[in-house]
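Participant: File name model.txt; file contents compact mmCIF, C-alpha atoms; full text below.
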```txt
# COMPACT_ATOMS: atom_id res chain seq x y z
CA MET A 8 80.53 142.01 150.55
CA GLN A 9 79.64 140.38 153.86
CA LEU A 10 77.13 138.20 152.05
CA ASN A 11 79.83 136.99 149.61
CA MET A 12 82.14 136.26 152.52
CA ARG A 13 79.47 134.15 154.21
CA ILE A 14 78.83 132.21 151.01
CA ARG A 15 82.50 131.44 150.58
CA LYS A 16 82.76 130.33 154.19
CA LYS A 17 79.86 127.90 153.69
CA THR A 18 80.92 126.52 150.35
CA GLN A 19 84.56 125.99 151.21
CA PRO A 20 83.93 123.21 153.76
CA ILE A 21 81.42 121.60 151.41
CA SER A 22 83.97 121.59 148.59
CA LEU A 23 86.64 120.24 150.95
CA ARG A 24 84.37 117.42 152.13
CA ARG A 25 83.48 116.62 148.54
CA SER A 26 87.16 116.41 147.65
CA ILE A 27 87.86 114.10 150.58
CA VAL A 28 84.98 111.81 149.60
CA ILE A 29 86.17 111.68 145.99
CA LEU A 30 89.74 110.97 147.11
CA GLY A 31 88.52 108.20 149.42
CA LEU A 32 86.50 106.58 146.65
CA ALA A 33 89.50 106.74 144.33
CA LEU A 34 91.73 105.07 146.89
CA ALA A 35 89.12 102.37 147.55
CA CYS A 36 88.81 101.66 143.82
CA ALA A 37 92.57 101.45 143.47
CA LEU A 38 92.78 99.01 146.37
CA LEU A 39 89.94 96.93 144.94
CA LEU A 40 91.67 96.75 141.57
CA CYS A 41 94.75 95.36 143.32
CA VAL A 42 92.92 92.88 145.52
CA LEU A 43 90.16 91.66 143.20
CA PRO A 44 92.37 89.83 140.66
CA MET A 45 94.02 87.90 143.48
CA GLN A 46 90.70 87.01 145.04
CA ILE A 47 89.19 85.96 141.73
CA GLY A 48 92.15 83.68 141.20
CA GLN A 49 91.42 82.11 144.57
CA ALA A 50 87.62 81.98 144.22
CA GLN A 51 86.06 78.83 145.58
CA THR A 52 84.00 76.80 143.16
CA LYS A 53 82.40 73.42 143.79
CA PRO A 54 82.54 70.53 143.59
CA GLY A 55 85.66 69.07 141.99
CA GLN A 56 89.35 69.77 142.11
CA THR A 57 89.66 69.66 138.34
CA GLN A 58 87.95 72.95 137.55
CA SER A 59 90.10 75.49 135.75
CA SER A 60 91.44 78.59 137.48
CA SER A 61 91.79 82.04 136.00
CA ALA A 62 95.06 82.57 137.84
CA SER A 63 98.18 80.43 138.01
CA HIS A 64 98.79 78.83 141.41
CA LYS A 65 102.46 78.42 142.08
CA PRO A 66 102.86 75.56 144.54
CA VAL A 67 104.35 76.23 147.97
CA ALA A 68 106.35 73.25 149.20
CA ALA A 69 106.21 72.00 152.76
CA LEU A 70 108.95 73.49 154.94
CA SER A 71 109.90 69.99 156.05
CA PRO A 72 109.16 66.53 154.58
CA TYR A 73 105.76 65.00 155.19
CA ILE A 74 103.89 61.76 154.51
CA ASP A 75 100.38 61.88 153.06
CA VAL A 76 98.43 58.88 154.36
CA HIS A 77 95.14 59.54 152.53
CA THR A 78 95.17 59.90 148.73
CA HIS A 79 93.17 58.58 145.79
CA LEU A 80 93.78 57.98 142.09
CA ASP A 81 92.21 57.35 138.70
CA GLU A 82 91.33 53.66 138.73
CA THR A 83 91.38 53.58 134.92
CA ASN A 84 95.07 54.51 134.93
CA VAL A 85 96.62 53.39 138.21
CA GLY A 86 100.18 53.30 136.88
CA GLY A 87 99.88 56.77 135.36
CA SER A 88 98.33 58.15 138.54
CA MET A 89 101.15 56.82 140.70
CA GLN A 90 103.75 58.09 138.25
CA SER A 91 102.09 61.50 138.40
CA ALA A 92 102.27 61.43 142.20
CA MET A 93 105.95 60.53 142.10
CA GLU A 94 106.65 63.44 139.76
CA SER A 95 104.78 65.80 142.10
CA MET A 96 106.59 64.72 145.25
CA PRO A 97 109.64 67.04 144.94
CA SER A 98 107.50 70.16 144.49
CA GLU A 99 105.43 69.20 147.55
CA ASN A 100 108.38 68.00 149.69
CA LEU A 101 106.34 64.81 150.02
CA ALA A 102 108.39 61.91 151.40
CA LYS A 103 105.92 59.01 151.13
CA ILE A 104 102.33 58.56 150.03
CA VAL A 105 99.53 56.12 150.91
CA PHE A 106 96.83 55.36 148.30
CA MET A 107 93.48 53.80 149.10
CA PRO A 108 90.22 52.96 147.30
CA SER A 109 87.21 55.17 147.94
CA PRO A 110 84.47 53.85 150.26
CA PHE A 111 82.34 52.17 147.60
CA THR A 112 78.95 50.49 147.79
CA LEU A 113 77.91 47.18 146.23
CA ALA A 114 75.98 49.07 143.55
CA ASP A 115 79.08 50.83 142.20
CA ALA A 116 80.22 49.03 139.06
CA LYS A 117 83.57 50.89 139.14
CA ARG A 118 84.56 49.76 142.61
CA PHE A 119 88.02 48.33 143.07
CA ASP A 120 90.28 47.34 145.91
CA VAL A 121 93.85 46.74 146.94
CA GLU A 122 94.68 44.26 144.16
CA LEU A 123 94.41 47.00 141.54
CA LEU A 124 96.86 49.19 143.47
CA LEU A 125 99.54 46.81 144.67
CA SER A 126 101.18 45.83 141.38
CA ALA A 127 101.78 49.46 140.47
CA ALA A 128 102.82 50.42 144.01
CA LYS A 129 105.52 47.74 144.07
CA LYS A 130 107.44 49.76 141.48
CA TYR A 131 108.07 52.42 144.14
CA PRO A 132 109.29 50.64 147.30
CA GLY A 133 109.67 52.97 150.26
CA LYS A 134 107.65 55.67 148.51
CA ILE A 135 104.13 54.30 147.99
CA ALA A 136 102.02 52.15 150.34
CA VAL A 137 98.36 51.17 150.07
CA LEU A 138 95.31 50.59 152.24
CA GLY A 139 92.55 48.17 151.26
CA GLY A 140 88.92 47.42 151.98
CA GLY A 141 87.16 50.43 150.50
CA GLY A 142 86.01 48.41 147.53
CA THR A 143 85.05 45.20 149.34
CA LEU A 144 84.87 45.49 153.14
CA ASN A 145 83.09 48.84 153.11
CA PRO A 146 80.32 47.62 150.76
CA MET A 147 79.83 44.63 153.04
CA ILE A 148 79.40 46.92 156.07
CA ILE A 149 77.02 49.30 154.30
CA GLU A 150 74.94 46.40 152.99
CA ALA A 151 74.84 44.63 156.36
CA ALA A 152 73.70 47.87 158.00
CA ARG A 153 70.98 48.25 155.37
CA THR A 154 69.66 44.69 155.59
CA GLY A 155 70.33 43.99 159.27
CA ASP A 156 72.18 40.78 158.37
CA ALA A 157 75.52 40.55 160.18
CA GLY A 158 75.27 36.89 161.11
CA PRO A 159 78.00 34.26 161.35
CA GLU A 160 78.23 33.63 157.61
CA VAL A 161 78.56 37.33 156.82
CA GLN A 162 81.19 37.75 159.51
CA LYS A 163 83.12 34.72 158.25
CA LYS A 164 83.29 36.15 154.72
CA PHE A 165 84.20 39.56 156.10
CA ARG A 166 87.09 38.19 158.15
CA GLU A 167 88.42 36.14 155.25
CA ARG A 168 88.41 39.16 152.99
CA ALA A 169 90.09 41.37 155.60
CA GLU A 170 92.83 38.81 156.17
CA ALA A 171 93.35 38.49 152.41
CA ILE A 172 93.78 42.27 152.07
CA LEU A 173 96.56 42.31 154.65
CA ALA A 174 98.19 39.17 153.24
CA ALA A 175 98.31 40.86 149.83
CA GLY A 176 100.41 43.70 151.25
CA ALA A 177 98.08 46.45 152.50
CA VAL A 178 99.38 48.41 155.51
CA GLY A 179 95.87 48.92 156.90
CA PHE A 180 92.20 49.29 156.08
CA GLY A 181 90.55 52.21 154.29
CA GLU A 182 88.68 54.12 153.23
CA MET A 183 85.76 52.96 155.37
CA ALA A 184 82.56 54.99 155.79
CA ALA A 185 80.27 55.43 158.79
CA GLU A 186 78.63 58.67 157.58
CA HIS A 187 79.54 59.84 154.07
CA PHE A 188 77.71 62.49 152.08
CA PRO A 189 77.55 62.04 148.28
CA SER A 190 80.62 62.89 146.21
CA SER A 191 82.16 60.24 143.97
CA THR A 192 80.00 57.77 145.90
CA PRO A 193 76.34 57.96 147.02
CA TYR A 194 75.20 58.71 150.56
CA GLU A 195 76.46 56.00 152.92
CA THR A 196 75.77 55.32 156.56
CA ALA A 197 76.48 52.55 159.07
CA PRO A 198 76.71 52.71 162.85
CA PRO A 199 80.39 52.90 163.82
CA ASP A 200 79.70 50.23 166.45
CA HIS A 201 78.16 47.88 163.87
CA PRO A 202 79.26 44.25 164.41
CA LEU A 203 81.39 44.32 161.27
CA PHE A 204 83.19 47.49 162.38
CA LEU A 205 83.84 45.83 165.75
CA LEU A 206 85.14 42.74 163.97
CA LEU A 207 87.39 44.89 161.78
CA ALA A 208 88.78 46.56 164.91
CA ASP A 209 89.68 43.13 166.32
CA ILE A 210 91.41 42.12 163.08
CA ALA A 211 93.28 45.44 162.90
CA ALA A 212 94.40 45.09 166.52
CA GLN A 213 95.58 41.54 165.92
CA HIS A 214 97.79 42.67 163.03
CA ASP A 215 98.67 46.10 164.49
CA VAL A 216 97.39 48.04 161.48
CA PRO A 217 95.18 51.16 161.36
CA ILE A 218 91.63 51.70 160.09
CA SER A 219 90.88 54.94 158.23
CA ILE A 220 87.22 55.93 158.73
CA HIS A 221 85.26 58.70 157.03
CA MET A 222 82.57 59.87 159.47
CA GLU A 223 80.85 63.25 159.61
CA ALA A 224 80.36 64.34 163.22
CA VAL A 225 76.76 64.03 164.47
CA PRO A 226 76.62 64.24 168.30
CA GLN A 227 72.82 63.89 168.39
CA ASP A 228 69.98 63.30 165.95
CA ILE A 229 69.67 66.47 163.87
CA ASP A 230 67.99 67.84 160.79
CA LEU A 231 70.27 67.83 157.76
CA PRO A 232 72.45 70.96 158.09
CA ALA A 233 72.49 73.63 155.39
CA PRO A 234 73.70 73.84 152.69
CA LEU A 235 73.42 70.04 152.35
CA LYS A 236 70.39 68.99 150.34
CA SER A 237 67.84 66.20 150.67
CA PRO A 238 67.77 64.28 148.43
CA PRO A 239 70.37 62.86 147.90
CA ASN A 240 71.04 63.10 151.65
CA PRO A 241 68.41 62.05 154.20
CA PRO A 242 66.42 64.84 155.87
CA ARG A 243 67.56 63.63 159.32
CA LEU A 244 70.95 62.44 160.50
CA HIS A 245 71.39 59.95 163.32
CA ALA A 246 73.79 60.49 166.20
CA ASN A 247 77.13 58.69 165.80
CA ILE A 248 79.62 60.03 168.39
CA ALA A 249 78.49 57.73 171.21
CA ALA A 250 78.61 54.74 168.84
CA PHE A 251 82.06 55.86 167.65
CA GLU A 252 83.24 55.85 171.26
CA ARG A 253 81.92 52.32 171.65
CA LEU A 254 84.05 51.31 168.66
CA LEU A 255 87.10 52.97 170.21
CA SER A 256 86.48 51.24 173.55
CA HIS A 257 85.72 47.84 172.03
CA ASN A 258 89.38 47.04 171.41
CA PRO A 259 91.79 49.69 172.75
CA ARG A 260 94.63 48.11 170.75
CA ALA A 261 92.90 48.95 167.46
CA LYS A 262 94.28 52.14 165.90
CA ILE A 263 91.28 54.10 164.60
CA ILE A 264 92.12 56.98 162.24
CA TRP A 265 89.30 59.51 161.92
CA ALA A 266 89.74 61.08 158.48
CA HIS A 267 89.32 64.70 157.39
CA LEU A 268 89.98 66.75 160.51
CA GLY A 269 89.69 70.41 159.52
CA TRP A 270 87.01 69.78 156.88
CA ASP A 271 83.79 69.74 158.85
CA THR A 272 80.54 69.43 156.90
CA THR A 273 78.13 69.39 159.86
CA GLY A 274 79.68 72.05 162.09
CA TYR A 275 80.11 69.73 165.09
CA ARG A 276 83.72 68.59 164.64
CA THR A 277 85.07 71.29 166.91
CA PRO A 278 88.42 71.46 168.70
CA GLU A 279 86.52 71.00 171.97
CA LEU A 280 84.91 67.73 170.85
CA MET A 281 88.20 66.47 169.39
CA ARG A 282 90.01 67.24 172.64
CA ARG A 283 87.45 65.33 174.70
CA LEU A 284 87.67 62.26 172.46
CA LEU A 285 91.46 62.29 172.29
CA GLU A 286 91.69 62.52 176.08
CA ALA A 287 89.26 59.62 176.53
CA HIS A 288 90.60 57.27 173.84
CA PRO A 289 94.37 56.78 173.42
CA ASN A 290 93.78 54.64 170.30
CA LEU A 291 92.16 57.50 168.40
CA PHE A 292 94.20 59.25 165.70
CA MET A 293 93.21 61.86 163.14
CA GLU A 294 94.11 62.77 159.56
CA ILE A 295 94.32 66.49 158.73
CA LYS A 296 92.62 67.72 155.55
CA LEU A 297 91.76 71.14 154.11
CA ASP A 298 89.94 71.73 150.84
CA PRO A 299 90.62 75.07 149.09
CA LEU A 300 87.53 74.69 146.90
CA ASP A 301 85.22 73.68 149.75
CA PRO A 302 86.50 74.94 153.12
CA GLU A 303 83.40 73.90 155.12
CA LYS A 304 83.12 74.70 158.85
CA ASN A 305 85.55 74.90 161.79
CA ALA A 306 88.53 75.56 159.52
CA PRO A 307 91.86 75.56 161.41
CA LEU A 308 93.16 78.55 159.45
CA ALA A 309 91.75 82.06 159.69
CA GLU A 310 89.74 82.90 156.58
CA VAL A 311 90.35 85.89 154.33
CA THR A 312 87.08 87.04 152.79
CA LEU A 313 86.08 89.74 150.28
CA LEU A 314 82.46 90.02 151.36
CA SER A 315 81.43 92.58 148.75
CA PHE A 316 81.88 90.08 145.97
CA GLY A 317 81.18 86.83 147.80
CA LEU A 318 84.70 85.56 147.19
CA ALA A 319 86.55 83.69 149.91
CA SER A 320 89.75 81.81 150.59
CA GLY A 321 89.25 79.22 153.29
CA VAL A 322 92.88 78.09 153.47
CA SER A 323 94.83 81.26 154.09
CA GLY A 324 95.94 83.08 157.19
CA GLN A 325 97.40 81.96 160.50
CA ILE A 326 96.40 78.84 162.39
CA LYS A 327 93.76 79.55 165.02
CA PRO A 328 95.07 79.33 168.62
CA GLU A 329 92.61 76.63 169.71
CA TRP A 330 93.71 74.39 166.84
CA LEU A 331 97.41 74.94 167.51
CA ARG A 332 96.87 74.03 171.17
CA LEU A 333 95.05 70.85 170.15
CA LEU A 334 97.79 69.76 167.74
CA THR A 335 100.49 70.57 170.29
CA ASP A 336 98.83 68.86 173.24
CA PHE A 337 98.19 65.65 171.25
CA GLN A 338 101.08 65.83 168.81
CA ASP A 339 101.53 62.03 168.69
CA ARG A 340 97.98 61.54 167.40
CA PHE A 341 97.84 63.49 164.11
CA VAL A 342 98.96 62.72 160.56
CA ILE A 343 98.54 64.45 157.20
CA GLY A 344 95.72 62.96 155.09
CA SER A 345 95.03 65.49 152.35
CA ASP A 346 92.49 63.45 150.32
CA GLN A 347 94.43 64.60 147.23
CA HIS A 348 93.56 62.92 143.92
CA TYR A 349 96.26 62.05 141.37
CA PRO A 350 96.90 63.04 138.69
CA GLN A 351 96.34 66.58 139.86
CA GLY A 352 93.76 68.73 138.10
CA SER A 353 94.11 72.43 137.45
CA GLY A 354 93.50 75.06 140.10
CA PRO A 355 94.06 74.89 143.88
CA GLN A 356 95.04 71.49 145.27
CA ARG A 357 94.14 69.83 148.56
CA TRP A 358 97.75 68.96 149.34
CA GLN A 359 98.64 72.63 148.97
CA ALA A 360 95.90 73.65 151.40
CA VAL A 361 97.08 71.28 154.13
CA VAL A 362 100.72 72.29 153.53
CA LEU A 363 99.77 75.92 154.23
CA LEU A 364 98.60 74.77 157.67
CA PHE A 365 101.58 72.45 158.08
CA ASN A 366 103.99 75.31 157.43
CA GLU A 367 102.40 77.30 160.27
CA LEU A 368 103.53 74.70 162.82
CA PRO A 369 106.76 74.90 164.85
CA PRO A 370 109.57 72.71 163.42
CA ALA A 371 109.42 70.00 166.12
CA LEU A 372 105.65 69.70 165.76
CA ARG A 373 105.97 69.53 161.96
CA GLN A 374 108.38 66.64 162.29
CA LYS A 375 106.00 64.70 164.53
CA ILE A 376 102.89 65.28 162.42
CA GLY A 377 104.71 65.27 159.11
CA THR A 378 106.63 61.99 159.27
CA GLU A 379 107.21 60.39 162.68
CA ASN A 380 103.60 59.59 163.54
CA ALA A 381 102.80 58.08 160.14
CA ILE A 382 105.91 55.88 160.19
CA ARG A 383 104.99 54.59 163.64
CA ILE A 384 101.25 54.09 163.08
CA TYR A 385 101.46 52.54 159.60
CA HIS A 386 104.83 50.78 160.07
CA LEU A 387 106.18 52.48 156.97
CA LYS A 388 109.72 51.73 155.89
```
What is this structure when it is put down as structure tokens?
Facilitator:
Amino acid sequence: MQLNMRIRKKTQPISLRRSIVILGLALACALLLCVLPMQIGQAQTKPGQTQSSSASHKPVAALSPYIDVHTHLDETNVGGSMQSAMESMPSENLAKIVFMPSPFTLADAKRFDVELLLSAAKKYPGKIAVLGGGGTLNPMIIEAARTGDAGPEVQKKFRERAEAILAAGAVGFGEMAAEHFPSSTPYETAPPDHPLFLLLADIAAQHDVPISIHMEAVPQDIDLPAPLKSPPNPPRLHANIAAFERLLSHNPRAKIIWAHLGWDTTGYRTPELMRRLLEAHPNLFMEIKLDPLDPEKNAPLAEVTLLSFGLASGVSGQIKPEWLRLLTDFQDRFVIGSDQHYPQGSGPQRWQAVVLLFNELPPALRQKIGTENAIRIYHLK
């Protein structure tokens, strides 16, 4: 009898613990079944924006109007791309849009420039503006950096082309490249204080127009960061921040727009570095970009990650305090530059990612970054 009592006393806690474990596993499975479909729908796949998604992504409009100063299009159907952008504007709460050619090289047979964009853009006065130089000025810079030839004849041709771009109706220069990893274009590099960049700064200052520059942050010579691969990238990257500061100091009246803030491929474009540069150079401005398919490093929004399955959303959550302080302290120096391509593909969109950040901002800050800064910097009407 006493033996049976002892057995029951021992087995009862074991059974109770087993029940608790089973109940815990059941609850965990139920939670996983709820969360997993959402996470799968948000799974990040590389490289393009056109990949299909297993879940529908209902767009979330901006809480207040905004201007997107950095977008691209299908050069084989410029009119259709711009029409697609116009049709998307109400669902985004997008007030105006700026298109630009990619930063091409001379070897790219598909390169184009402002002339291909302007005739279609003129159909939408007050809604669409364009930048130029990505298809002509940028190849000249990349080639001059490669060959070492930036003599008087090269500079004369460069100036003539830059003046022609503005005379045609461009509101600035872009997209230019100082350090650009392969995507739709090959690897490109040129010192940001190259003589042709300095000349472009003088021309931009003379006409009071901005220059949009794509440059990955490299404070010192470093080995190529993971997960970037060599080839096609070089195994070593050369420092460019000091040279970038020389460009900014060369002509303080030149408005230099550093593209893709919030999408950091090297890990060095931190809020601390951005604060130092903004404090030192009043002519420095920055475009804000987030990529839901490729969040990269130093993302302004807190990430939500399901580690067990390797699925992540890099564009959800609240804005990180250090980023909010940066945007607030220098609120006259930021614009939205989503790098969105039109027509939109399926799945998560870049404009949607940056709008999620935009909607986290206080109303007065949204108004500055959303519309007022772009109108002032680009002289948009």
Participant: Using all atoms listed in the file, which protein or nucleic acid residues come within 7 Å of range 76-82 of chain A? Drop anything in the same chain fewer than 4 positions from it, and give the result as an mmCIF file with C-alpha atoms, in the frame of the given file.
Facilitator:
```cif
data_model
loop_
_atom_site.group_PDB
_atom_site.id
_atom_site.type_symbol
_atom_site.label_atom_id
_atom_site.label_comp_id
_atom_site.auth_asym_id
_atom_site.auth_seq_id
_atom_site.Cartn_x
_atom_site.Cartn_y
_atom_site.Cartn_z
ATOM 1 C CA SER A 88 98.330 58.150 138.540
ATOM 2 C CA ILE A 104 102.330 58.560 150.030
ATOM 3 C CA VAL A 105 99.530 56.120 150.910
ATOM 4 C CA PHE A 106 96.830 55.360 148.300
ATOM 5 C CA MET A 107 93.480 53.800 149.100
ATOM 6 C CA PRO A 108 90.220 52.960 147.300
ATOM 7 C CA ILE A 343 98.540 64.450 157.200
ATOM 8 C CA GLY A 344 95.720 62.960 155.090
ATOM 9 C CA SER A 345 95.030 65.490 152.350
ATOM 10 C CA ASP A 346 92.490 63.450 150.320
ATOM 11 C CA GLN A 347 94.430 64.600 147.230
ATOM 12 C CA HIS A 348 93.560 62.920 143.920
ATOM 13 C CA TYR A 349 96.260 62.050 141.370
ATOM 14 C CA PRO A 350 96.900 63.040 138.690
#
```
Participant: Which residues are near range 207-215 of chain A? Cut-off 10 Å, all atoms listed in the file, ignore same chain within fewer than 3 positions. Put them as a list in words.
Facilitator: Leu144, Gln162, Phe165, Arg166, Ala169, Glu170, Leu173, Val178, Gly179, Phe180, Asp200, His201, Pro202, Leu203, Phe204, Ile218, Leu254, Leu255, His257, Asn258, Pro259, Arg260, Ala261, Lys262, Ile263, Ile384, Tyr385 and His386 of chain A
Participant: Restricting the calculation to all atoms listed in the file, which member of A:Asn366, A:Gln351, A:Thr112, A:Thr272 is positioned closest to Gln325 in chain A?
Facilitator: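 Smallest distance to Gln325 in chain A is found for A:Asn366.
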Participant: Can you tell me how far CA of Met222 in chain A sits from CA of Ser91 in chain A, in Å to one decimal?
Facilitator: 28.8 Å
Participant: Kindly give the distance, in Å, that separates CA of Glu99 in chain A and CA of Gln356 in chain A, rounded to a single decimal.
Facilitator: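 Between CA of Glu99 in chain A and CA of Gln356 in chain A the gap is 10.9 Å.
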Participant: So, with only C-alpha atoms as the atoms that count, which of A:Ile295, A:Leu206, A:Ala171, A:Ile248 lies closest to Phe365 in chain A?
Facilitator: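 Using only C-alpha atoms, the shortest distance to Phe365 in chain A belongs to A:Ile295.
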Participant: What is the distance between CA of Arg153 in chain A and CA of Gly139 in chain A, in Å to one decimal?
Facilitator: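 Between CA of Arg153 in chain A and CA of Gly139 in chain A the gap works out to 22.0 Å.
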Participant: Using 6 Å as the limit and counting all atoms listed in the file, can you tabulate each residue of range 242-281 of chain A that touches range 224-238 of chain A, with its shortest atom-to-atom distance in Å and the two atoms involved, as a Markdown table?
Facilitator:
```
| residue | atom | partner | partner_atom | distance |
| --- | --- | --- | --- | --- |
| A:Pro242 | CA | A:Leu231 | CA | 5.2 |
| A:Arg243 | CA | A:Asp230 | CA | 4.5 |
| A:Leu244 | CA | A:Ile229 | CA | 5.4 |
| A:His245 | CA | A:Asp228 | CA | 4.5 |
| A:Ala246 | CA | A:Gln227 | CA | 4.2 |
| A:Asn247 | CA | A:Val225 | CA | 5.5 |
| A:Ile248 | CA | A:Pro226 | CA | 5.2 |
| A:Tyr275 | CA | A:Ala224 | CA | 5.7 |
| A:Arg276 | CA | A:Ala224 | CA | 5.6 |
```
Participant: Can I get the selection written as a PDB file, in the frame of the given file, with C-alpha atoms?
Facilitator:
```
ATOM      1  CA  PRO A 242      66.420  64.840 155.870  1.00  0.00           C
ATOM      2  CA  ARG A 243      67.560  63.630 159.320  1.00  0.00           C
ATOM      3  CA  LEU A 244      70.950  62.440 160.500  1.00  0.00           C
ATOM      4  CA  HIS A 245      71.390  59.950 163.320  1.00  0.00           C
ATOM      5  CA  ALA A 246      73.790  60.490 166.200  1.00  0.00           C
ATOM      6  CA  ASN A 247      77.130  58.690 165.800  1.00  0.00           C
ATOM      7  CA  ILE A 248      79.620  60.030 168.390  1.00  0.00           C
ATOM      8  CA  TYR A 275      80.110  69.730 165.090  1.00  0.00           C
ATOM      9  CA  ARG A 276      83.720  68.590 164.640  1.00  0.00           C
TER      10      ARG A 276
END
```
Participant: Between A:Pro355, A:Asn100, A:Met93, A:Met147, which is the closest to Leu70 in chain A once you count all atoms listed in the file?
Facilitator: A:Asn100
Participant: Residues at most 10 Å from Pro239 in chain A, counting only C-alpha atoms, excluding those fewer than 4 positions away in the same chain, as a list in words?
Facilitator: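 Here the answer would be Phe188, Pro189, Pro193, Tyr194 and Leu235 of chain A.
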